[in-house]
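Raw contents of run.tsv, TSV, C-alpha atoms:
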```tsv
chain	number	residue	atom	x	y	z
A	1	MET	CA	-13.00	-14.21	-17.29
A	2	SER	CA	-16.55	-13.12	-16.49
A	3	GLU	CA	-19.10	-11.68	-18.90
A	4	PHE	CA	-19.50	-8.75	-16.49
A	5	GLY	CA	-16.74	-6.53	-17.81
A	6	GLY	CA	-14.04	-9.22	-17.91
A	7	SER	CA	-13.56	-9.59	-14.17
A	8	PRO	CA	-11.15	-12.34	-13.09
A	9	VAL	CA	-12.36	-15.42	-11.25
A	10	TYR	CA	-9.61	-14.94	-8.66
A	11	ASP	CA	-9.02	-12.10	-6.20
A	12	ALA	CA	-6.93	-9.35	-7.78
A	13	PHE	CA	-4.02	-8.00	-5.74
A	14	ASP	CA	-5.36	-4.74	-4.38
A	15	VAL	CA	-5.89	-2.94	-1.10
A	16	ASP	CA	-9.14	-4.86	-0.48
A	17	LEU	CA	-7.27	-8.16	-0.58
A	18	VAL	CA	-4.62	-6.78	1.79
A	19	VAL	CA	-7.32	-5.60	4.22
A	20	LYS	CA	-9.05	-8.99	4.02
A	21	VAL	CA	-5.79	-10.82	4.83
A	22	LEU	CA	-5.00	-8.46	7.71
A	23	ALA	CA	-8.52	-8.88	9.12
A	24	HIS	CA	-7.89	-12.62	9.39
A	25	THR	CA	-4.33	-12.32	10.70
A	26	ALA	CA	-2.85	-9.19	12.32
A	27	PHE	CA	-6.27	-7.78	13.26
A	28	SER	CA	-7.85	-11.08	14.27
A	29	PRO	CA	-8.16	-11.69	18.04
A	30	PHE	CA	-8.03	-15.45	17.46
A	31	PHE	CA	-4.79	-15.21	15.49
A	32	THR	CA	-3.04	-12.69	17.78
A	33	PHE	CA	-4.00	-14.73	20.86
A	34	PHE	CA	-1.42	-17.36	19.91
A	35	ILE	CA	1.50	-14.92	19.54
A	36	PRO	CA	2.23	-14.57	23.30
A	37	VAL	CA	1.44	-18.27	23.72
A	38	PHE	CA	4.09	-19.06	21.11
A	39	TYR	CA	6.71	-16.98	22.93
A	40	TYR	CA	5.70	-18.44	26.29
A	41	PHE	CA	6.45	-21.97	25.13
A	42	HIS	CA	9.78	-20.72	23.86
A	43	GLY	CA	10.81	-19.61	27.35
A	44	ALA	CA	9.57	-16.03	27.60
A	45	ARG	CA	7.83	-15.08	30.84
A	46	TRP	CA	5.66	-12.25	32.14
A	47	PRO	CA	6.38	-9.31	32.34
A	48	GLU	CA	8.91	-9.51	29.53
A	49	PRO	CA	8.03	-7.06	26.71
A	50	ILE	CA	7.84	-9.85	24.15
A	51	ILE	CA	4.90	-11.23	26.16
A	52	VAL	CA	3.33	-7.98	27.43
A	53	ILE	CA	3.12	-6.18	24.08
A	54	PRO	CA	1.28	-8.99	22.21
A	55	VAL	CA	-1.10	-9.46	25.17
A	56	VAL	CA	-1.98	-5.76	25.29
A	57	TYR	CA	-2.36	-5.70	21.51
A	58	ASN	CA	-4.66	-8.72	21.60
A	59	ILE	CA	-6.81	-7.11	24.31
A	60	ALA	CA	-7.13	-3.92	22.22
A	61	ILE	CA	-8.04	-5.85	19.05
A	62	SER	CA	-10.54	-8.00	20.97
A	63	ALA	CA	-12.16	-4.90	22.50
A	64	PHE	CA	-12.50	-3.29	19.08
A	65	TRP	CA	-14.27	-6.31	17.54
A	66	PHE	CA	-16.35	-6.82	20.69
A	67	PHE	CA	-17.76	-3.29	20.63
A	68	LYS	CA	-18.15	-3.31	16.85
A	69	TRP	CA	-20.19	-6.50	16.86
A	70	TYR	CA	-22.20	-5.92	20.02
A	71	SER	CA	-23.04	-2.32	19.16
A	72	ARG	CA	-24.59	-3.60	15.93
A	73	LEU	CA	-26.30	-6.46	17.78
A	74	TYR	CA	-27.77	-4.09	20.37
A	75	ARG	CA	-28.79	-1.59	17.68
A	76	ASN	CA	-30.70	-4.27	15.81
A	77	GLN	CA	-31.87	-6.65	18.52
A	78	GLY	CA	-32.04	-4.46	21.63
A	79	SER	CA	-30.03	-7.17	23.37
A	80	LEU	CA	-26.40	-8.10	23.88
A	81	LEU	CA	-27.17	-11.79	24.30
A	82	PHE	CA	-29.56	-12.87	21.57
A	83	GLY	CA	-29.15	-12.55	17.84
A	84	PRO	CA	-31.81	-13.08	15.18
A	85	ARG	CA	-33.14	-16.56	14.47
A	86	ARG	CA	-31.63	-18.42	11.55
A	87	LEU	CA	-33.18	-17.21	8.31
A	88	ASP	CA	-35.40	-19.72	6.53
A	89	TRP	CA	-34.76	-18.93	2.88
A	90	GLY	CA	-37.55	-21.23	1.74
A	91	GLU	CA	-40.11	-18.88	3.31
A	92	GLN	CA	-38.80	-15.72	1.66
A	93	ILE	CA	-40.31	-13.84	-1.26
A	94	VAL	CA	-37.69	-11.48	-2.65
A	95	VAL	CA	-38.46	-8.66	-5.09
A	96	VAL	CA	-35.52	-7.52	-7.21
A	97	THR	CA	-35.92	-4.39	-9.32
A	98	GLY	CA	-33.79	-4.18	-12.44
A	99	GLY	CA	-33.31	-7.93	-12.12
A	100	SER	CA	-33.07	-8.78	-15.82
A	101	SER	CA	-29.45	-7.73	-16.29
A	102	GLY	CA	-26.22	-6.96	-14.50
A	103	LEU	CA	-26.04	-7.19	-10.72
A	104	GLY	CA	-29.79	-7.67	-10.29
A	105	GLU	CA	-29.82	-10.68	-12.60
A	106	LEU	CA	-26.91	-12.25	-10.75
A	107	ILE	CA	-28.64	-11.77	-7.38
A	108	ALA	CA	-31.94	-13.13	-8.69
A	109	ASN	CA	-30.37	-16.30	-10.10
A	110	THR	CA	-28.28	-16.88	-6.99
A	111	LEU	CA	-31.24	-16.52	-4.63
A	112	ALA	CA	-33.34	-18.81	-6.83
A	113	VAL	CA	-30.73	-21.55	-6.42
A	114	ARG	CA	-31.35	-21.29	-2.67
A	115	ASN	CA	-34.97	-22.27	-3.26
A	116	VAL	CA	-36.10	-18.68	-2.70
A	117	THR	CA	-39.15	-17.33	-4.47
A	118	VAL	CA	-37.70	-14.46	-6.51
A	119	VAL	CA	-39.75	-11.77	-8.23
A	120	VAL	CA	-38.03	-9.74	-10.95
A	121	LEU	CA	-39.42	-6.35	-11.90
A	122	ASP	CA	-37.98	-4.98	-15.12
A	123	VAL	CA	-38.98	-3.59	-18.49
A	124	LYS	CA	-37.15	-6.45	-20.19
A	125	PRO	CA	-37.68	-10.16	-19.41
A	126	ILE	CA	-34.99	-12.06	-17.56
A	127	VAL	CA	-33.32	-14.92	-19.41
A	128	THR	CA	-33.01	-17.73	-16.88
A	129	GLU	CA	-33.51	-21.46	-16.35
A	130	ASN	CA	-34.48	-21.07	-12.69
A	131	TYR	CA	-38.13	-21.96	-12.16
A	132	ASN	CA	-38.13	-20.09	-8.81
A	133	ILE	CA	-37.92	-16.76	-10.63
A	134	THR	CA	-41.14	-15.03	-11.64
A	135	TYR	CA	-40.88	-12.10	-14.02
A	136	TYR	CA	-43.32	-9.19	-14.07
A	137	LYS	CA	-42.97	-6.51	-16.70
A	138	CYS	CA	-42.90	-3.24	-14.81
A	139	ASP	CA	-41.41	0.18	-15.27
A	140	VAL	CA	-40.60	0.89	-11.62
A	141	SER	CA	-40.27	4.60	-12.36
A	142	LYS	CA	-44.06	4.77	-12.79
A	143	TRP	CA	-46.25	4.54	-9.69
A	144	GLU	CA	-49.28	3.25	-11.58
A	145	GLU	CA	-47.36	0.23	-12.90
A	146	VAL	CA	-45.72	-0.52	-9.54
A	147	GLU	CA	-49.06	-0.30	-7.74
A	148	ALA	CA	-50.78	-2.63	-10.22
A	149	VAL	CA	-47.96	-5.18	-10.31
A	150	SER	CA	-47.57	-5.20	-6.53
A	151	LYS	CA	-51.23	-6.13	-6.11
A	152	GLN	CA	-50.77	-8.92	-8.64
A	153	ILE	CA	-47.68	-10.23	-6.83
A	154	ILE	CA	-49.41	-10.23	-3.44
A	155	GLU	CA	-52.42	-12.02	-4.88
A	156	GLU	CA	-50.44	-14.65	-6.77
A	157	LEU	CA	-47.36	-15.22	-4.58
A	158	GLY	CA	-47.98	-13.53	-1.23
A	159	HIS	CA	-46.50	-10.52	0.53
A	160	PRO	CA	-42.80	-9.99	-0.30
A	161	THR	CA	-40.50	-10.31	2.69
A	162	MET	CA	-37.44	-8.71	1.08
A	163	LEU	CA	-37.01	-5.88	-1.39
A	164	ILE	CA	-33.80	-5.22	-3.32
A	165	ASN	CA	-33.98	-1.80	-4.97
A	166	ASN	CA	-31.34	-2.34	-7.63
A	167	ALA	CA	-32.73	-0.65	-10.78
A	168	GLY	CA	-30.60	2.19	-12.03
A	169	VAL	CA	-29.81	4.25	-15.09
A	170	VAL	CA	-26.98	6.59	-16.07
A	171	GLN	CA	-26.90	9.16	-18.88
A	172	GLY	CA	-23.19	10.04	-18.82
A	173	LYS	CA	-23.70	13.59	-20.11
A	174	ALA	CA	-22.55	17.00	-18.97
A	175	LEU	CA	-25.22	19.20	-17.44
A	176	LEU	CA	-25.93	21.33	-20.52
A	177	GLU	CA	-26.10	18.21	-22.71
A	178	LEU	CA	-28.84	16.64	-20.60
A	179	THR	CA	-32.34	16.93	-21.96
A	180	PRO	CA	-35.28	17.39	-19.60
A	181	GLU	CA	-36.26	13.80	-20.48
A	182	ASP	CA	-32.79	12.56	-19.43
A	183	ILE	CA	-33.02	14.26	-16.05
A	184	GLN	CA	-36.54	13.06	-15.45
A	185	GLN	CA	-35.60	9.48	-16.33
A	186	THR	CA	-32.55	9.51	-14.04
A	187	PHE	CA	-34.51	10.68	-11.00
A	188	ALA	CA	-37.54	8.55	-11.87
A	189	VAL	CA	-35.48	5.34	-11.94
A	190	ASN	CA	-32.74	6.07	-9.40
A	191	THR	CA	-34.83	7.87	-6.77
A	192	LEU	CA	-38.59	7.96	-7.29
A	193	ALA	CA	-38.76	4.24	-8.10
A	194	HIS	CA	-37.58	3.55	-4.54
A	195	PHE	CA	-40.46	5.57	-3.16
A	196	TRP	CA	-42.92	3.62	-5.32
A	197	THR	CA	-41.63	0.16	-4.40
A	198	LEU	CA	-41.47	1.10	-0.72
A	199	LYS	CA	-45.04	2.42	-0.77
A	200	ALA	CA	-46.14	-0.79	-2.46
A	201	PHE	CA	-44.34	-3.43	-0.38
A	202	LEU	CA	-43.42	-1.78	2.93
A	203	PRO	CA	-46.96	-1.88	4.47
A	204	GLY	CA	-46.91	-5.70	4.46
A	205	MET	CA	-43.50	-5.77	6.16
A	206	ILE	CA	-44.59	-3.25	8.79
A	207	LYS	CA	-47.71	-5.32	9.49
A	208	GLU	CA	-45.55	-8.42	10.06
A	209	LYS	CA	-42.87	-6.40	11.91
A	210	ALA	CA	-40.30	-8.18	9.75
A	211	GLY	CA	-38.62	-7.82	6.40
A	212	HIS	CA	-35.48	-6.50	4.77
A	213	ILE	CA	-34.91	-3.66	2.32
A	214	ILE	CA	-31.69	-3.33	0.33
A	215	ASN	CA	-31.03	-0.01	-1.39
A	216	VAL	CA	-28.20	-0.02	-3.93
A	217	SER	CA	-26.53	3.38	-4.01
A	218	SER	CA	-23.07	4.60	-5.02
A	219	VAL	CA	-20.03	6.53	-3.83
A	220	ALA	CA	-21.17	8.97	-6.51
A	221	GLY	CA	-23.96	9.96	-4.12
A	222	MET	CA	-21.38	11.38	-1.69
A	223	VAL	CA	-19.08	13.31	-4.05
A	224	GLY	CA	-19.33	15.30	-7.24
A	225	MET	CA	-18.04	14.12	-10.63
A	226	ALA	CA	-18.13	15.57	-14.11
A	227	ARG	CA	-20.80	14.20	-16.48
A	228	LEU	CA	-22.67	12.71	-13.53
A	229	THR	CA	-24.61	15.68	-12.18
A	230	ASP	CA	-27.99	13.98	-12.49
A	231	TYR	CA	-26.77	10.55	-11.45
A	232	ASN	CA	-24.88	11.82	-8.39
A	233	ALA	CA	-27.82	13.93	-7.25
A	234	SER	CA	-30.22	11.00	-7.61
A	235	LYS	CA	-27.94	8.70	-5.60
A	236	ALA	CA	-27.46	11.36	-2.92
A	237	ALA	CA	-31.23	11.58	-2.63
A	238	LEU	CA	-31.40	7.80	-2.24
A	239	ILE	CA	-28.88	7.86	0.62
A	240	SER	CA	-30.97	10.48	2.42
A	241	LEU	CA	-34.15	8.51	1.76
A	242	HIS	CA	-32.59	5.38	3.21
A	243	GLU	CA	-31.42	7.09	6.40
A	244	SER	CA	-34.77	8.77	6.96
A	245	LEU	CA	-36.60	5.50	6.33
A	246	ARG	CA	-34.57	3.79	9.05
A	247	TYR	CA	-35.69	6.31	11.66
A	248	GLU	CA	-39.29	6.24	10.50
A	249	LEU	CA	-39.36	2.47	10.90
A	250	ASP	CA	-37.91	2.79	14.40
A	251	HIS	CA	-39.88	5.77	15.72
A	252	VAL	CA	-42.96	6.22	13.56
A	253	TYR	CA	-44.05	2.73	12.54
A	254	ASN	CA	-42.54	0.92	15.55
A	255	ALA	CA	-41.08	-1.71	13.22
A	256	PRO	CA	-37.36	-2.08	14.05
A	257	GLY	CA	-37.63	-5.68	12.86
A	258	VAL	CA	-37.87	-4.41	9.29
A	259	ARG	CA	-34.18	-4.24	8.43
A	260	THR	CA	-32.63	-1.73	6.06
A	261	THR	CA	-29.26	-2.12	4.33
A	262	LEU	CA	-27.61	0.53	2.21
A	263	LEU	CA	-24.93	-0.47	-0.29
A	264	ILE	CA	-22.50	2.30	-1.18
A	265	ALA	CA	-20.42	0.88	-3.98
A	266	GLY	CA	-17.66	2.08	-6.24
A	267	HIS	CA	-17.44	1.11	-9.89
A	268	ILE	CA	-19.08	-2.29	-10.50
A	269	MET	CA	-18.11	-4.13	-13.68
A	270	THR	CA	-21.63	-4.45	-15.10
A	271	PRO	CA	-22.99	-3.35	-18.49
A	272	LEU	CA	-24.31	-0.10	-16.97
A	273	PHE	CA	-20.81	1.43	-16.80
A	274	SER	CA	-19.09	-0.86	-19.32
A	275	SER	CA	-17.89	2.06	-21.46
A	276	ALA	CA	-16.46	4.04	-18.55
A	277	ARG	CA	-12.69	4.49	-18.75
A	278	HIS	CA	-10.43	4.35	-15.71
A	279	PRO	CA	-6.66	4.80	-15.25
A	280	LYS	CA	-4.73	1.62	-15.97
A	281	SER	CA	-1.81	2.26	-13.63
A	282	PHE	CA	-0.98	-0.24	-10.91
A	283	PHE	CA	-1.43	2.48	-8.28
A	284	TYR	CA	-5.00	3.14	-9.36
A	285	ARG	CA	-5.95	-0.52	-9.68
A	286	PHE	CA	-4.43	-1.24	-6.26
A	287	PHE	CA	-6.11	1.56	-4.26
A	288	PHE	CA	-9.28	2.09	-6.34
A	289	PRO	CA	-10.22	-1.33	-7.70
A	290	SER	CA	-13.38	-2.00	-9.67
A	291	LEU	CA	-15.82	-4.44	-8.12
A	292	ALA	CA	-16.67	-7.82	-9.57
A	293	PRO	CA	-20.47	-8.28	-9.56
A	294	VAL	CA	-20.00	-11.64	-7.84
A	295	ASP	CA	-18.41	-9.96	-4.81
A	296	VAL	CA	-21.19	-7.38	-4.57
A	297	ALA	CA	-23.88	-10.07	-4.88
A	298	LYS	CA	-22.21	-12.10	-2.12
A	299	ALA	CA	-22.14	-9.06	0.19
A	300	ILE	CA	-25.83	-8.32	-0.42
A	301	ILE	CA	-26.92	-11.92	0.17
A	302	ALA	CA	-24.72	-12.14	3.28
A	303	ALA	CA	-26.41	-8.99	4.64
A	304	LEU	CA	-29.81	-10.58	4.09
A	305	ASP	CA	-28.59	-13.72	5.83
A	306	GLU	CA	-27.23	-11.71	8.78
A	307	GLN	CA	-30.57	-9.92	9.27
A	308	HIS	CA	-29.05	-6.70	10.59
A	309	SER	CA	-29.54	-3.13	9.42
A	310	ARG	CA	-26.23	-1.78	8.22
A	311	VAL	CA	-24.30	0.19	5.61
A	312	ILE	CA	-21.99	-1.71	3.27
A	313	TYR	CA	-19.06	0.21	1.79
A	314	MET	CA	-17.38	-1.43	-1.19
A	315	PRO	CA	-14.51	-1.41	-2.04
A	316	PHE	CA	-12.37	-0.39	0.93
A	317	TYR	CA	-11.73	3.17	-0.24
A	318	ALA	CA	-15.48	3.86	-0.10
A	319	HIS	CA	-15.20	4.12	3.70
A	320	PHE	CA	-13.19	7.32	3.29
A	321	VAL	CA	-15.22	9.04	0.57
A	322	PRO	CA	-17.53	10.83	3.08
A	323	LEU	CA	-14.42	12.46	4.59
A	324	LEU	CA	-13.50	14.23	1.35
A	325	HIS	CA	-15.77	17.14	2.20
A	326	MET	CA	-13.61	17.88	5.25
A	327	PHE	CA	-10.38	18.01	3.22
A	328	PRO	CA	-8.77	21.28	2.10
A	329	SER	CA	-9.66	22.14	-1.48
A	330	PHE	CA	-6.24	21.19	-2.85
A	331	LEU	CA	-6.54	17.67	-1.40
A	332	ARG	CA	-10.05	17.40	-2.71
A	333	ASP	CA	-8.84	18.38	-6.19
A	334	PHE	CA	-5.94	15.92	-5.87
A	335	ALA	CA	-8.39	13.10	-5.16
A	336	GLN	CA	-10.38	14.03	-8.27
A	337	TRP	CA	-7.21	14.10	-10.36
A	338	ILE	CA	-5.67	10.87	-9.15
A	339	THR	CA	-8.87	8.89	-9.64
A	340	GLY	CA	-9.56	10.40	-13.05
A	341	CYS	CA	-13.26	10.36	-12.21
A	342	ASP	CA	-13.97	13.60	-14.08
A	343	TYR	CA	-12.85	12.00	-17.34
A	344	ALA	CA	-14.12	8.45	-16.89
A	345	LEU	CA	-17.29	9.12	-18.91
A	346	LYS	CA	-15.74	11.25	-21.64
A	347	ASP	CA	-16.58	8.64	-24.29
A	348	PHE	CA	-19.52	7.09	-22.46
A	349	VAL	CA	-22.07	5.05	-24.37
A	350	LYS	CA	-25.41	4.45	-22.66
A	351	VAL	CA	-26.63	0.85	-22.49
A	352	SER	CA	-30.15	-0.24	-21.65
A	353	GLY	CA	-29.49	-3.74	-20.32
A	354	ARG	CA	-28.86	-7.35	-21.29
A	355	ARG	CA	-29.91	-8.61	-24.68
A	356	PRO	CA	-31.83	-11.90	-24.75
A	357	GLU	CA	-29.22	-13.60	-26.95
A	358	GLU	CA	-26.57	-13.07	-24.28
A	359	GLY	CA	-28.03	-15.93	-22.26
A	360	PRO	CA	-28.50	-16.27	-18.50
A	361	ALA	CA	-26.09	-14.89	-15.97
A	362	PRO	CA	-24.09	-17.19	-13.69
A	363	THR	CA	-24.74	-17.60	-9.99
A	364	VAL	CA	-22.41	-17.22	-7.06
A	365	ALA	CA	-21.63	-19.87	-4.50
A	366	PRO	CA	-23.83	-19.58	-1.38
A	367	SER	CA	-22.21	-17.58	1.37
A	368	SER	CA	-23.39	-16.73	4.85
A	369	LYS	CA	-20.55	-14.37	5.56
A	370	SER	CA	-19.70	-11.09	3.93
A	371	ASP	CA	-16.28	-10.42	2.53
```
The structure in this file should be written as structure tokens.
Amino acid sequence: MSEFGGSPVYDAFDVDLVVKVLAHTAFSPFFTFFIPVFYYFHGARWPEPIIVIPVVYNIAISAFWFFKWYSRLYRNQGSLLFGPRRLDWGEQIVVVTGGSSGLGELIANTLAVRNVTVVVLDVKPIVTENYNITYYKCDVSKWEEVEAVSKQIIEELGHPTMLINNAGVVQGKALLELTPEDIQQTFAVNTLAHFWTLKAFLPGMIKEKAGHIINVSSVAGMVGMARLTDYNASKAALISLHESLRYELDHVYNAPGVRTTLLIAGHIMTPLFSSARHPKSFFYRFFFPSLAPVDVAKAIIAALDEQHSRVIYMPFYAHFVPLLHMFPSFLRDFAQWITGCDYALKDFVKVSGRRPEEGPAPTVAPSSKSD
């Protein structure tokens, strides 16, 4: 079991695992190519249906993956023939906000193992044995601190080439229970901090016409939930910021080589939401699984490795969350009821991060391919 909320070291049986298996079998052009070949060597001949149907199916599946991949390649490279050069991790300087605990700590330690220069910005020091990690005390919600620390980083280490905006905070209170300080902290950390880090590190990336920005958002930014009014609004603002930034880089700064990746994640088993309560039924765990931090870290690092701008939806159900606003009200209410999201934070206890005595977080095995 993992220290991040007791996540198993194996893949749980849920819809994400089923989708992953289908992607490598029934929806894989390579796999389905051999189905008509199998029947051919067993005596079937064209145009018998047992040959025609698998061939047509394989053509359809191949066309889908072809257009999916090449549309992304053309969107990012402006070419259908040439992809990005292989990423040299040894030349990267990666800034991770909120990197002293939870997901950020896991990403920082994993990148450091790859011989990457990692910079952690947090109000608490990171506990780690990796000498490639440099910690700077910084409250990213305050522009003055971000500006001062960014100048120090550039002077001591060089211009960062990647920025992972991971810092986040949640209050877990109903609207009338929130104090003005709570609301200000939520937006300062979850939204304004992204503006400050972008203003500090983006100019260097634009100058080099290269770089990568990861913004960690949430499905909560696309739907409403009880006791999350401030959190949801801050994450919705981040999604809008990310989309607008992409078009500014393309059309204002003429820097399409600066990649932007948005992570829209469901519940991640980190200390931030450790006291959240979810239904324990098999149905819920199958269709709405919680995410192991290792899987999220692998997806983020794979996106950096791929060097394409994209949106990552995790887990599988996150792909359909934006459609909820088009549903009739009774279906929308049914979705709220079946997920229990309005009651998940009923007994919520706010945590501020990892304690030093908890020791360093583990790393994940290097991966160049997203799950």
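Put simply, atom CA of A:Phe30 is 8.6 Å away from atom CA of A:Ser62.
Residue nearest A:Thr161, chosen from A:Trp143, A:Phe201, A:Tyr231, A:Tyr135 and counting all atoms listed in the file: A:Phe201.
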Can you pull out every residue within 8 Å of stretch 241-251 of chain A, counting all atoms listed in the file, but drop anything in the same chain fewer than 4 positions away, and send it as a list in words? Asn215, Ala237, Ala255, Pro256, Val258, Thr260 and Leu262 of chain A
Given all atoms listed in the file as the counted atoms, nearest of A:Val170, A:Leu198, A:His267, A:Lys280 to A:Asp230: A:Val170
Near stretch 305-319 of chain A, 7 Å: stretch 59-137 of chain A residue rows, closest pairs, all atoms listed in the file, as CSV:
```
residue,atom,partner,partner_atom,distance
A:Asn76,CA,A:His308,CA,6.0
A:Pro84,CA,A:Gln307,CA,6.8
A:Leu87,CA,A:Asp305,CA,6.3
```
Separation of atom CA of A:Lys142 and atom CA of A:Ala174, in Å? 25.5 Å
Atom CA of A:Leu163 and atom CA of A:Val94 are how many Å apart?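 Taking atom CA of A:Leu163 as the start and atom CA of A:Val94 as the end point, the length is 5.8 Å.
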Measuring atom to atom with all atoms listed in the file, identify which of A:Thr197, A:Thr339, A:Asn190, A:Asn109 is nearest to A:Phe288. A:Thr339
Option closest in space to A:Val296, from A:Thr186, A:Asn115, A:Asn254, A:Asn166 [counting only C-alpha atoms]: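 The closest residue to A:Val296 is A:Asn166.
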Nearest to A:His278 by atom-to-atom distance, counting all atoms listed in the file, from A:Phe334, A:Tyr343, A:Leu291, A:Ala265: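 Between A:Phe334, A:Tyr343, A:Leu291, A:Ala265, the residue approaching A:His278 most closely is A:Tyr343.
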